[in-house]
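Note sheet for the following structure.
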Amino acid sequence: MITTKTRQQIERMHSAGKYLAELLALLKETAVPGITTARLNEIAEGWLVRKKLYSPFKGYRGYPSSICVSVNEQVVHGIPGQKLIKNGDIVSIDAGVVFDGYVADAAITIPVGEVSEQLQKLISITNRSLYYGISQMVEGNRLYDITYAIQSYTESYGYSLVKEFCGHGVGRKMHEDPQVPNCGHRPNTGPRLRSGWVLAIEPMVNMGSAGVKIESDGWTVVTNDGKPSAHFEHTVAITPNGPLILTAL
Ligand code: MF3
Ligand code: CO
């Protein structure tokens with residue numbers, strides 16, 4: 001069942017989203033060579049406490065941290081730990097904020113120090129594919145128009161989309177209906193988009209092949225071929241005036 005949010009509910013989610021954008025901007029500044037991924041999580045947790053906010057990740061199906069930090073060939077759901085971030089890495093940070101009972105969910109991939117042109121391109125194409133997807137979030141379009149926009153743009157560069165993980169509805173809970181796949185559908189198919197839906201759109205783009213596996217910690221998703229992967233996510237409301245990105249600064 002896909003819930004439609006009222007303007008007031010979307011306003012609250014927008015407040016959550018603005019906080020989250022602030023947190024991600026802080027973490028982006030903090031992700032410098034020599035810092036551990038655990039330190040990024042500590043900084044996020046300190047910030048959340050000061051703002052009296054909560055992470056919807058912590059404790060979710062036993063997830064131990066408040067953010068996910070996924071480096072290079074790690075795709076998503078990296079558990080912060082003693083791993084050191086180094087010059088030339090790409091670091092995906094996924095975070096969420098609960099404000100007044102509503103969740104916002106967003107992710108960015110950060111180039112650390114001097115990053116190869118190849119990796120910079122992976123990052124910028126992944127980010128742009130997110131915006132192509134978002135641009136389809138117009139009343140009357142269909143759900144898989146979002147999917148198709150992301151997939152067709154990304155694959156035109158020879159990259160692969162991870163099919164095992166999807167975007168999703170978001171609201172009082174982090175994961176609500178519908179699932180928003182990043183690949184595998186024809187345009188002009190799927191449910192009609194309605195004003196008041198709020199969706200987290202989150203392409204995960206591999207430089208090499210699409211295959212992924214989960215590491216022995218039970219969470220960290222890595223590419224099978226060991227090649228890098230990027231991830232961007234925004235929480236976006238469909239409004240009568242088109243898409244409204246709730247997690248933008
Ligand atoms: N943003 C991710 C998602 O949409 C992160 C959730 S994984 C968690 O699924 F377990 F860490 F919460
Ligand atoms: Co998400």
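To be explicit about the labels: the chains of the structure tokens are called A, B, and onward in the order shown, and within each one the residues are counted from 1, while ligands get numbers from 1 in the order they are shown.
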Using only C-alpha atoms and all ligand atoms, what table do you get, as JSON lines, when you list each residue of chain A with an atom no more than 10 Å from ligand 2, its nearest pair of atoms, and their distance in Å rounded to one decimal, rows by chain then rising number?
```
{"residue": "A:Phe57", "atom": "CA", "partner": "ligand 2", "partner_atom_place_in_ligand_line": "1 (Co)", "distance": 9.9}
{"residue": "A:Asp94", "atom": "CA", "partner": "ligand 2", "partner_atom_place_in_ligand_line": "1 (Co)", "distance": 8.0}
{"residue": "A:Ala95", "atom": "CA", "partner": "ligand 2", "partner_atom_place_in_ligand_line": "1 (Co)", "distance": 8.5}
{"residue": "A:Gly96", "atom": "CA", "partner": "ligand 2", "partner_atom_place_in_ligand_line": "1 (Co)", "distance": 8.3}
{"residue": "A:Ala104", "atom": "CA", "partner": "ligand 2", "partner_atom_place_in_ligand_line": "1 (Co)", "distance": 8.7}
{"residue": "A:Asp105", "atom": "CA", "partner": "ligand 2", "partner_atom_place_in_ligand_line": "1 (Co)", "distance": 5.5}
{"residue": "A:Ala106", "atom": "CA", "partner": "ligand 2", "partner_atom_place_in_ligand_line": "1 (Co)", "distance": 6.5}
{"residue": "A:Ala107", "atom": "CA", "partner": "ligand 2", "partner_atom_place_in_ligand_line": "1 (Co)", "distance": 7.9}
{"residue": "A:Phe165", "atom": "CA", "partner": "ligand 2", "partner_atom_place_in_ligand_line": "1 (Co)", "distance": 9.2}
{"residue": "A:Cys166", "atom": "CA", "partner": "ligand 2", "partner_atom_place_in_ligand_line": "1 (Co)", "distance": 7.7}
{"residue": "A:Gly167", "atom": "CA", "partner": "ligand 2", "partner_atom_place_in_ligand_line": "1 (Co)", "distance": 5.7}
{"residue": "A:His168", "atom": "CA", "partner": "ligand 2", "partner_atom_place_in_ligand_line": "1 (Co)", "distance": 6.4}
{"residue": "A:Gly169", "atom": "CA", "partner": "ligand 2", "partner_atom_place_in_ligand_line": "1 (Co)", "distance": 8.6}
{"residue": "A:Val170", "atom": "CA", "partner": "ligand 2", "partner_atom_place_in_ligand_line": "1 (Co)", "distance": 8.1}
{"residue": "A:Met174", "atom": "CA", "partner": "ligand 2", "partner_atom_place_in_ligand_line": "1 (Co)", "distance": 7.2}
{"residue": "A:His175", "atom": "CA", "partner": "ligand 2", "partner_atom_place_in_ligand_line": "1 (Co)", "distance": 7.3}
{"residue": "A:Val180", "atom": "CA", "partner": "ligand 2", "partner_atom_place_in_ligand_line": "1 (Co)", "distance": 9.9}
{"residue": "A:Leu199", "atom": "CA", "partner": "ligand 2", "partner_atom_place_in_ligand_line": "1 (Co)", "distance": 8.8}
{"residue": "A:Ala200", "atom": "CA", "partner": "ligand 2", "partner_atom_place_in_ligand_line": "1 (Co)", "distance": 5.5}
{"residue": "A:Ile201", "atom": "CA", "partner": "ligand 2", "partner_atom_place_in_ligand_line": "1 (Co)", "distance": 7.1}
{"residue": "A:Glu202", "atom": "CA", "partner": "ligand 2", "partner_atom_place_in_ligand_line": "1 (Co)", "distance": 6.3}
{"residue": "A:Pro203", "atom": "CA", "partner": "ligand 2", "partner_atom_place_in_ligand_line": "1 (Co)", "distance": 9.7}
{"residue": "A:Phe232", "atom": "CA", "partner": "ligand 2", "partner_atom_place_in_ligand_line": "1 (Co)", "distance": 9.5}
{"residue": "A:Glu233", "atom": "CA", "partner": "ligand 2", "partner_atom_place_in_ligand_line": "1 (Co)", "distance": 6.8}
{"residue": "A:His234", "atom": "CA", "partner": "ligand 2", "partner_atom_place_in_ligand_line": "1 (Co)", "distance": 8.1}
{"residue": "A:Thr235", "atom": "CA", "partner": "ligand 2", "partner_atom_place_in_ligand_line": "1 (Co)", "distance": 8.1}
```
Determine, counting only C-alpha atoms, which protein, DNA and RNA residues have an atom within 6 Å of an atom of stretch 63-71 of chain A; residues of the same chain fewer than 4 positions away are not included. Present the result as a CSV table (one decimal) with all heavy atoms, in the first residue's frame.
```
chain,number,residue,atom,x,y,z
A,55,SER,N,18.9,8.6,14.2
A,55,SER,CA,19.2,7.9,13.0
A,55,SER,C,18.2,6.7,12.8
A,55,SER,O,18.1,5.9,13.7
A,55,SER,CB,20.6,7.4,12.9
A,55,SER,OG,20.7,6.4,11.9
A,57,PHE,N,18.8,4.3,10.9
A,57,PHE,CA,19.6,3.2,10.6
A,57,PHE,C,19.9,2.4,11.8
A,57,PHE,O,19.9,1.1,11.8
A,57,PHE,CB,20.9,3.6,9.9
A,57,PHE,CG,20.8,4.2,8.6
A,57,PHE,CD1,19.6,4.7,8.1
A,57,PHE,CD2,22.0,4.4,7.8
A,57,PHE,CE1,19.5,5.3,6.8
A,57,PHE,CE2,21.9,5.0,6.6
A,57,PHE,CZ,20.7,5.4,6.0
A,58,LYS,N,20.2,3.1,12.9
A,58,LYS,CA,20.7,2.4,14.1
A,58,LYS,C,19.7,1.4,14.7
A,58,LYS,O,18.6,1.9,15.0
A,58,LYS,CB,21.1,3.4,15.2
A,58,LYS,CG,22.0,2.8,16.3
A,58,LYS,CD,23.0,3.7,16.8
A,58,LYS,CE,23.9,2.9,17.7
A,58,LYS,NZ,25.1,3.7,18.1
A,59,GLY,N,20.1,0.2,14.7
A,59,GLY,CA,19.2,-0.8,15.2
A,59,GLY,C,18.2,-1.4,14.2
A,59,GLY,O,17.5,-2.4,14.5
A,75,VAL,N,29.7,-1.2,-2.1
A,75,VAL,CA,28.6,-0.5,-2.8
A,75,VAL,C,27.8,0.3,-1.9
A,75,VAL,O,27.6,1.5,-2.0
A,75,VAL,CB,27.8,-1.6,-3.6
A,75,VAL,CG1,26.6,-1.0,-4.3
A,75,VAL,CG2,28.7,-2.4,-4.5
A,76,VAL,N,27.2,-0.4,-0.9
A,76,VAL,CA,26.4,0.2,0.1
A,76,VAL,C,26.5,-0.6,1.4
A,76,VAL,O,27.0,-1.7,1.4
A,76,VAL,CB,24.9,0.3,-0.3
A,76,VAL,CG1,24.6,1.3,-1.3
A,76,VAL,CG2,24.3,-1.1,-0.7
A,77,HIS,N,25.9,0.0,2.5
A,77,HIS,CA,25.8,-0.7,3.8
A,77,HIS,C,27.1,-1.0,4.4
A,77,HIS,O,27.1,-2.0,5.2
A,77,HIS,CB,24.9,-1.9,3.7
A,77,HIS,CG,23.5,-1.7,3.1
A,77,HIS,ND1,22.6,-2.6,2.7
A,77,HIS,CD2,22.9,-0.5,2.9
A,77,HIS,CE1,21.5,-2.1,2.3
A,77,HIS,NE2,21.6,-0.8,2.4
A,78,GLY,N,28.1,-0.3,4.1
A,78,GLY,CA,29.4,-0.5,4.8
A,78,GLY,C,29.3,-0.1,6.3
A,78,GLY,O,28.8,1.0,6.6
A,79,ILE,N,29.7,-1.0,7.2
A,79,ILE,CA,29.6,-0.7,8.6
A,79,ILE,C,30.8,0.1,9.0
A,79,ILE,O,32.0,-0.4,8.8
A,79,ILE,CB,29.5,-2.0,9.5
A,79,ILE,CG1,28.3,-2.8,9.1
A,79,ILE,CG2,29.5,-1.6,10.9
A,79,ILE,CD1,28.2,-4.1,9.8
A,80,PRO,N,30.7,1.3,9.6
A,80,PRO,CA,31.9,2.0,10.0
A,80,PRO,C,32.8,1.2,10.9
A,80,PRO,O,32.3,0.5,11.8
A,80,PRO,CB,31.3,3.3,10.7
A,80,PRO,CG,29.9,3.4,10.1
A,80,PRO,CD,29.4,2.0,9.8
A,90,ILE,N,37.1,6.8,-3.2
A,90,ILE,CA,35.7,7.4,-3.3
A,90,ILE,C,34.9,6.7,-2.1
A,90,ILE,O,35.0,5.5,-1.9
A,90,ILE,CB,35.0,7.2,-4.6
A,90,ILE,CG1,34.8,5.7,-5.0
A,90,ILE,CG2,35.8,7.9,-5.7
A,90,ILE,CD1,33.8,5.5,-6.2
A,91,VAL,N,34.2,7.6,-1.4
A,91,VAL,CA,33.6,7.2,-0.2
A,91,VAL,C,32.1,7.5,-0.2
A,91,VAL,O,31.7,8.7,-0.3
A,91,VAL,CB,34.2,7.9,1.1
A,91,VAL,CG1,33.5,7.5,2.3
A,91,VAL,CG2,35.7,7.6,1.1
A,92,SER,N,31.3,6.5,-0.2
A,92,SER,CA,29.8,6.7,-0.2
A,92,SER,C,29.3,6.7,1.2
A,92,SER,O,29.6,5.8,2.0
A,92,SER,CB,29.1,5.6,-1.0
A,92,SER,OG,29.6,5.5,-2.3
A,93,ILE,N,28.6,7.8,1.6
A,93,ILE,CA,28.0,8.0,2.9
A,93,ILE,C,26.5,8.0,2.8
A,93,ILE,O,26.0,8.9,2.0
A,93,ILE,CB,28.6,9.2,3.6
A,93,ILE,CG1,30.1,9.2,3.7
A,93,ILE,CG2,27.9,9.4,5.0
A,93,ILE,CD1,30.7,10.4,4.4
A,94,ASP,N,25.9,7.1,3.4
A,94,ASP,CA,24.4,7.0,3.4
A,94,ASP,C,24.0,7.3,4.8
A,94,ASP,O,24.5,6.8,5.8
A,94,ASP,CB,24.0,5.6,3.0
A,94,ASP,CG,22.6,5.4,2.7
A,94,ASP,OD1,21.8,6.3,3.1
A,94,ASP,OD2,22.2,4.4,2.1
A,95,ALA,N,23.0,8.2,5.0
A,95,ALA,CA,22.5,8.6,6.3
A,95,ALA,C,21.1,8.9,6.3
A,95,ALA,O,20.4,9.1,5.2
A,95,ALA,CB,23.3,9.8,6.8
```
Calculated over only C-alpha atoms, which of the candidates A:Leu20, A:Val212, A:Asn206, A:Glu73 has the smallest distance to A:Lys51?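 With only C-alpha atoms as the atom set, the closest residue is A:Leu20.
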Measuring atom to atom with only C-alpha atoms and all ligand atoms, identify which of A:Arg192, A:Lys18, A:Lys5, A:Lys173 is nearest to ligand 1.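 Closest to ligand 1, using only C-alpha atoms and all ligand atoms: A:Lys173.
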Nearby residues (only C-alpha atoms) at most 8 Å from A:Ile146, same-chain spacing under 4 positions excluded, as a PDB file with all heavy atoms, in the first residue's frame:
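So the final result, stored in part25.pdb, reads:
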```pdb
ATOM      1  N   TYR A 132      18.164  12.567 -13.293  1.00  0.00           N
ATOM      2  CA  TYR A 132      17.303  12.123 -14.400  1.00  0.00           C
ATOM      3  C   TYR A 132      16.113  11.345 -13.858  1.00  0.00           C
ATOM      4  O   TYR A 132      14.981  11.522 -14.312  1.00  0.00           O
ATOM      5  CB  TYR A 132      18.081  11.284 -15.412  1.00  0.00           C
ATOM      6  CG  TYR A 132      18.845  12.128 -16.397  1.00  0.00           C
ATOM      7  CD1 TYR A 132      20.231  12.240 -16.329  1.00  0.00           C
ATOM      8  CD2 TYR A 132      18.171  12.829 -17.393  1.00  0.00           C
ATOM      9  CE1 TYR A 132      20.935  13.021 -17.226  1.00  0.00           C
ATOM     10  CE2 TYR A 132      18.865  13.618 -18.301  1.00  0.00           C
ATOM     11  CZ  TYR A 132      20.243  13.708 -18.210  1.00  0.00           C
ATOM     12  OH  TYR A 132      20.932  14.488 -19.088  1.00  0.00           O
ATOM     13  N   GLY A 133      16.372  10.472 -12.888  1.00  0.00           N
ATOM     14  CA  GLY A 133      15.269   9.732 -12.270  1.00  0.00           C
ATOM     15  C   GLY A 133      14.275  10.683 -11.621  1.00  0.00           C
ATOM     16  O   GLY A 133      13.064  10.595 -11.846  1.00  0.00           O
ATOM     17  N   ILE A 134      14.794  11.619 -10.831  1.00  0.00           N
ATOM     18  CA  ILE A 134      13.932  12.576 -10.120  1.00  0.00           C
ATOM     19  C   ILE A 134      13.089  13.383 -11.109  1.00  0.00           C
ATOM     20  O   ILE A 134      11.916  13.671 -10.853  1.00  0.00           O
ATOM     21  CB  ILE A 134      14.792  13.509  -9.233  1.00  0.00           C
ATOM     22  CG1 ILE A 134      15.387  12.724  -8.059  1.00  0.00           C
ATOM     23  CG2 ILE A 134      13.972  14.704  -8.734  1.00  0.00           C
ATOM     24  CD1 ILE A 134      16.440  13.490  -7.252  1.00  0.00           C
ATOM     25  N   SER A 135      13.675  13.722 -12.253  1.00  0.00           N
ATOM     26  CA  SER A 135      12.943  14.561 -13.224  1.00  0.00           C
ATOM     27  C   SER A 135      11.700  13.852 -13.759  1.00  0.00           C
ATOM     28  O   SER A 135      10.800  14.496 -14.302  1.00  0.00           O
ATOM     29  CB  SER A 135      13.869  14.980 -14.368  1.00  0.00           C
ATOM     30  OG  SER A 135      14.144  13.854 -15.177  1.00  0.00           O
ATOM     31  N   GLN A 136      11.631  12.533 -13.589  1.00  0.00           N
ATOM     32  CA  GLN A 136      10.436  11.789 -14.020  1.00  0.00           C
ATOM     33  C   GLN A 136       9.337  11.793 -12.961  1.00  0.00           C
ATOM     34  O   GLN A 136       8.247  11.275 -13.207  1.00  0.00           O
ATOM     35  CB  GLN A 136      10.816  10.335 -14.326  1.00  0.00           C
ATOM     36  CG  GLN A 136      11.737  10.181 -15.518  1.00  0.00           C
ATOM     37  CD  GLN A 136      11.093  10.658 -16.808  1.00  0.00           C
ATOM     38  OE1 GLN A 136       9.913  10.397 -17.062  1.00  0.00           O
ATOM     39  NE2 GLN A 136      11.851  11.383 -17.619  1.00  0.00           N
ATOM     40  N   MET A 137       9.609  12.357 -11.798  1.00  0.00           N
ATOM     41  CA  MET A 137       8.643  12.282 -10.691  1.00  0.00           C
ATOM     42  C   MET A 137       7.573  13.355 -10.808  1.00  0.00           C
ATOM     43  O   MET A 137       7.481  14.296 -10.028  1.00  0.00           O
ATOM     44  CB  MET A 137       9.362  12.363  -9.344  1.00  0.00           C
ATOM     45  CG  MET A 137      10.213  11.119  -9.080  1.00  0.00           C
ATOM     46  SD  MET A 137      11.099  11.201  -7.540  1.00  0.00           S
ATOM     47  CE  MET A 137       9.760  11.192  -6.334  1.00  0.00           C
ATOM     48  N   ARG A 142       4.644   7.206 -14.852  1.00  0.00           N
ATOM     49  CA  ARG A 142       4.551   5.919 -14.177  1.00  0.00           C
ATOM     50  C   ARG A 142       5.855   5.610 -13.440  1.00  0.00           C
ATOM     51  O   ARG A 142       6.912   6.134 -13.799  1.00  0.00           O
ATOM     52  CB  ARG A 142       4.238   4.834 -15.181  1.00  0.00           C
ATOM     53  CG  ARG A 142       2.816   4.978 -15.692  1.00  0.00           C
ATOM     54  CD  ARG A 142       2.542   3.963 -16.765  1.00  0.00           C
ATOM     55  NE  ARG A 142       1.122   3.789 -16.952  1.00  0.00           N
ATOM     56  CZ  ARG A 142       0.532   2.637 -17.199  1.00  0.00           C
ATOM     57  NH1 ARG A 142       1.246   1.529 -17.299  1.00  0.00           N
ATOM     58  NH2 ARG A 142      -0.758   2.585 -17.364  1.00  0.00           N
ATOM     59  N   ILE A 150      16.987   6.353 -15.130  1.00  0.00           N
ATOM     60  CA  ILE A 150      18.260   6.057 -14.448  1.00  0.00           C
ATOM     61  C   ILE A 150      19.061   5.038 -15.260  1.00  0.00           C
ATOM     62  O   ILE A 150      20.246   5.243 -15.548  1.00  0.00           O
ATOM     63  CB  ILE A 150      17.985   5.506 -13.027  1.00  0.00           C
ATOM     64  CG1 ILE A 150      17.409   6.604 -12.135  1.00  0.00           C
ATOM     65  CG2 ILE A 150      19.261   4.913 -12.415  1.00  0.00           C
ATOM     66  CD1 ILE A 150      16.861   6.115 -10.791  1.00  0.00           C
ATOM     67  N   VAL A 180      11.458   1.071  -5.607  1.00  0.00           N
ATOM     68  CA  VAL A 180      11.798   1.808  -6.828  1.00  0.00           C
ATOM     69  C   VAL A 180      13.076   1.203  -7.417  1.00  0.00           C
ATOM     70  O   VAL A 180      14.188   1.595  -7.033  1.00  0.00           O
ATOM     71  CB  VAL A 180      12.006   3.312  -6.550  1.00  0.00           C
ATOM     72  CG1 VAL A 180      12.195   4.073  -7.862  1.00  0.00           C
ATOM     73  CG2 VAL A 180      10.841   3.899  -5.760  1.00  0.00           C
ATOM     74  N   ASN A 182      16.207   0.328  -9.852  1.00  0.00           N
ATOM     75  CA  ASN A 182      17.071   1.179 -10.675  1.00  0.00           C
ATOM     76  C   ASN A 182      17.287   0.609 -12.070  1.00  0.00           C
ATOM     77  O   ASN A 182      17.979   1.232 -12.884  1.00  0.00           O
ATOM     78  CB  ASN A 182      18.417   1.369  -9.982  1.00  0.00           C
ATOM     79  CG  ASN A 182      18.268   2.166  -8.703  1.00  0.00           C
ATOM     80  OD1 ASN A 182      17.702   3.252  -8.712  1.00  0.00           O
ATOM     81  ND2 ASN A 182      18.745   1.618  -7.596  1.00  0.00           N
TER      82      ASN A 182
END
```
Atom pair atom CA of A:Gly101 / atom CA of A:Glu11: separation (Å):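 Going from atom CA of A:Gly101 over to atom CA of A:Glu11, I get 12.0 Å.
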Who sits within 7 Å of A:Val112, only C-alpha atoms, same chain under 2 positions skipped, as number ranges by chain: A: 31-33, 87-90, 110, 114-115
Could you please take those selected residues and save N, CA, C and O atoms as a PDB file, in the first residue's frame?
```pdb
ATOM      1  N   ALA A  31      35.536  13.879   5.665  1.00  0.00           N
ATOM      2  CA  ALA A  31      36.098  12.679   5.020  1.00  0.00           C
ATOM      3  C   ALA A  31      37.418  13.018   4.336  1.00  0.00           C
ATOM      4  O   ALA A  31      37.484  13.213   3.133  1.00  0.00           O
ATOM      5  N   VAL A  32      38.472  13.108   5.137  1.00  0.00           N
ATOM      6  CA  VAL A  32      39.807  13.456   4.631  1.00  0.00           C
ATOM      7  C   VAL A  32      40.729  12.251   4.809  1.00  0.00           C
ATOM      8  O   VAL A  32      40.443  11.353   5.617  1.00  0.00           O
ATOM      9  N   PRO A  33      41.829  12.202   4.060  1.00  0.00           N
ATOM     10  CA  PRO A  33      42.751  11.070   4.191  1.00  0.00           C
ATOM     11  C   PRO A  33      43.220  10.899   5.639  1.00  0.00           C
ATOM     12  O   PRO A  33      43.515  11.888   6.320  1.00  0.00           O
ATOM     13  N   ASN A  87      43.872   9.006   0.344  1.00  0.00           N
ATOM     14  CA  ASN A  87      43.860   9.850  -0.849  1.00  0.00           C
ATOM     15  C   ASN A  87      43.506   9.002  -2.072  1.00  0.00           C
ATOM     16  O   ASN A  87      44.046   7.918  -2.256  1.00  0.00           O
ATOM     17  N   GLY A  88      42.575   9.494  -2.901  1.00  0.00           N
ATOM     18  CA  GLY A  88      42.201   8.787  -4.121  1.00  0.00           C
ATOM     19  C   GLY A  88      41.013   7.857  -3.969  1.00  0.00           C
ATOM     20  O   GLY A  88      40.518   7.313  -4.953  1.00  0.00           O
ATOM     21  N   ASP A  89      40.538   7.685  -2.730  1.00  0.00           N
ATOM     22  CA  ASP A  89      39.355   6.840  -2.503  1.00  0.00           C
ATOM     23  C   ASP A  89      38.080   7.568  -2.921  1.00  0.00           C
ATOM     24  O   ASP A  89      38.031   8.800  -2.906  1.00  0.00           O
ATOM     25  N   ILE A  90      37.055   6.782  -3.219  1.00  0.00           N
ATOM     26  CA  ILE A  90      35.711   7.354  -3.256  1.00  0.00           C
ATOM     27  C   ILE A  90      34.918   6.738  -2.110  1.00  0.00           C
ATOM     28  O   ILE A  90      34.982   5.530  -1.864  1.00  0.00           O
ATOM     29  N   ILE A 110      31.742  10.766  -2.196  1.00  0.00           N
ATOM     30  CA  ILE A 110      32.711  11.846  -2.064  1.00  0.00           C
ATOM     31  C   ILE A 110      34.055  11.409  -2.635  1.00  0.00           C
ATOM     32  O   ILE A 110      34.550  10.332  -2.278  1.00  0.00           O
ATOM     33  N   GLU A 114      43.012  13.669  -4.276  1.00  0.00           N
ATOM     34  CA  GLU A 114      43.113  13.626  -5.740  1.00  0.00           C
ATOM     35  C   GLU A 114      42.597  12.275  -6.223  1.00  0.00           C
ATOM     36  O   GLU A 114      43.206  11.245  -5.983  1.00  0.00           O
ATOM     37  N   VAL A 115      41.481  12.329  -6.916  1.00  0.00           N
ATOM     38  CA  VAL A 115      40.814  11.120  -7.387  1.00  0.00           C
ATOM     39  C   VAL A 115      40.977  11.046  -8.901  1.00  0.00           C
ATOM     40  O   VAL A 115      40.943  12.078  -9.578  1.00  0.00           O
TER      41      VAL A 115
END
```
Distance in Å - atom CA of A:Lys213 versus atom CA of A:Ser116: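 Result for atom CA of A:Lys213 versus atom CA of A:Ser116: 25.2 Å, one decimal.
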Which residues are near A:Val138? Cut-off 9 Å, only C-alpha atoms, ignore same chain within fewer than 2 positions. Put them as a ChimeraX atom specification. /A:134-136,140-142,193-195,238-243
Generate a file of the selected residues that holds N, CA, C and O atoms, formatted as a PDB file, in the first residue's frame.
```pdb
ATOM      1  N   ILE A 134      14.794  11.619 -10.831  1.00  0.00           N
ATOM      2  CA  ILE A 134      13.932  12.576 -10.120  1.00  0.00           C
ATOM      3  C   ILE A 134      13.089  13.383 -11.109  1.00  0.00           C
ATOM      4  O   ILE A 134      11.916  13.671 -10.853  1.00  0.00           O
ATOM      5  N   SER A 135      13.675  13.722 -12.253  1.00  0.00           N
ATOM      6  CA  SER A 135      12.943  14.561 -13.224  1.00  0.00           C
ATOM      7  C   SER A 135      11.700  13.852 -13.759  1.00  0.00           C
ATOM      8  O   SER A 135      10.800  14.496 -14.302  1.00  0.00           O
ATOM      9  N   GLN A 136      11.631  12.533 -13.589  1.00  0.00           N
ATOM     10  CA  GLN A 136      10.436  11.789 -14.020  1.00  0.00           C
ATOM     11  C   GLN A 136       9.337  11.793 -12.961  1.00  0.00           C
ATOM     12  O   GLN A 136       8.247  11.275 -13.207  1.00  0.00           O
ATOM     13  N   GLY A 140       1.127  11.616 -13.102  1.00  0.00           N
ATOM     14  CA  GLY A 140       0.704  11.121 -14.416  1.00  0.00           C
ATOM     15  C   GLY A 140       1.748  10.239 -15.068  1.00  0.00           C
ATOM     16  O   GLY A 140       1.407   9.355 -15.844  1.00  0.00           O
ATOM     17  N   ASN A 141       3.033  10.471 -14.758  1.00  0.00           N
ATOM     18  CA  ASN A 141       4.052   9.524 -15.205  1.00  0.00           C
ATOM     19  C   ASN A 141       3.865   8.214 -14.462  1.00  0.00           C
ATOM     20  O   ASN A 141       3.073   8.123 -13.520  1.00  0.00           O
ATOM     21  N   ARG A 142       4.644   7.206 -14.852  1.00  0.00           N
ATOM     22  CA  ARG A 142       4.551   5.919 -14.177  1.00  0.00           C
ATOM     23  C   ARG A 142       5.855   5.610 -13.440  1.00  0.00           C
ATOM     24  O   ARG A 142       6.912   6.134 -13.799  1.00  0.00           O
ATOM     25  N   LEU A 193       2.174   7.676 -10.947  1.00  0.00           N
ATOM     26  CA  LEU A 193       2.697   8.490  -9.844  1.00  0.00           C
ATOM     27  C   LEU A 193       1.625   9.467  -9.380  1.00  0.00           C
ATOM     28  O   LEU A 193       0.917  10.055 -10.193  1.00  0.00           O
ATOM     29  N   ARG A 194       1.532   9.633  -8.061  1.00  0.00           N
ATOM     30  CA  ARG A 194       0.510  10.508  -7.484  1.00  0.00           C
ATOM     31  C   ARG A 194       1.174  11.595  -6.646  1.00  0.00           C
ATOM     32  O   ARG A 194       2.152  11.345  -5.937  1.00  0.00           O
ATOM     33  N   SER A 195       0.601  12.751  -6.716  1.00  0.00           N
ATOM     34  CA  SER A 195       1.023  13.842  -5.858  1.00  0.00           C
ATOM     35  C   SER A 195       0.874  13.400  -4.395  1.00  0.00           C
ATOM     36  O   SER A 195      -0.119  12.768  -4.046  1.00  0.00           O
ATOM     37  N   ILE A 238       6.526  14.049  -4.611  1.00  0.00           N
ATOM     38  CA  ILE A 238       5.836  14.431  -5.845  1.00  0.00           C
ATOM     39  C   ILE A 238       4.777  15.460  -5.457  1.00  0.00           C
ATOM     40  O   ILE A 238       3.952  15.204  -4.574  1.00  0.00           O
ATOM     41  N   THR A 239       4.848  16.636  -6.066  1.00  0.00           N
ATOM     42  CA  THR A 239       3.888  17.706  -5.756  1.00  0.00           C
ATOM     43  C   THR A 239       3.185  18.107  -7.054  1.00  0.00           C
ATOM     44  O   THR A 239       3.639  17.748  -8.147  1.00  0.00           O
ATOM     45  N   PRO A 240       2.099  18.876  -6.924  1.00  0.00           N
ATOM     46  CA  PRO A 240       1.422  19.343  -8.149  1.00  0.00           C
ATOM     47  C   PRO A 240       2.355  20.185  -9.028  1.00  0.00           C
ATOM     48  O   PRO A 240       2.113  20.314 -10.225  1.00  0.00           O
ATOM     49  N   ASN A 241       3.410  20.718  -8.417  1.00  0.00           N
ATOM     50  CA  ASN A 241       4.370  21.516  -9.190  1.00  0.00           C
ATOM     51  C   ASN A 241       5.600  20.721  -9.615  1.00  0.00           C
ATOM     52  O   ASN A 241       6.605  21.308  -9.986  1.00  0.00           O
ATOM     53  N   GLY A 242       5.517  19.397  -9.479  1.00  0.00           N
ATOM     54  CA  GLY A 242       6.654  18.563  -9.873  1.00  0.00           C
ATOM     55  C   GLY A 242       7.419  18.059  -8.672  1.00  0.00           C
ATOM     56  O   GLY A 242       6.960  18.179  -7.535  1.00  0.00           O
ATOM     57  N   PRO A 243       8.602  17.471  -8.913  1.00  0.00           N
ATOM     58  CA  PRO A 243       9.355  16.881  -7.813  1.00  0.00           C
ATOM     59  C   PRO A 243       9.928  17.942  -6.869  1.00  0.00           C
ATOM     60  O   PRO A 243      10.402  18.982  -7.319  1.00  0.00           O
TER      61      PRO A 243
END
```
Pairwise distance for atom CA of A:Tyr102 and atom CA of A:Val49, rounded to one decimal in Å: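 Answer for the atom CA of A:Tyr102 to atom CA of A:Val49 separation: 16.9 Å.
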When you count only C-alpha atoms and all ligand atoms, which of these residues is closest to ligand 1: A:Leu53, A:Val221, A:Leu246, A:Val205?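 Looking only at the distances to ligand 1, the closest residue turns out to be A:Val221.
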Minimum-distance residue to ligand 1, chosen among A:Ala237, A:Leu143, A:Met207, A:Val97 (using only C-alpha atoms and all ligand atoms):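 Once distances to ligand 1 are computed over only C-alpha atoms and all ligand atoms, the minimum belongs to A:Val97.
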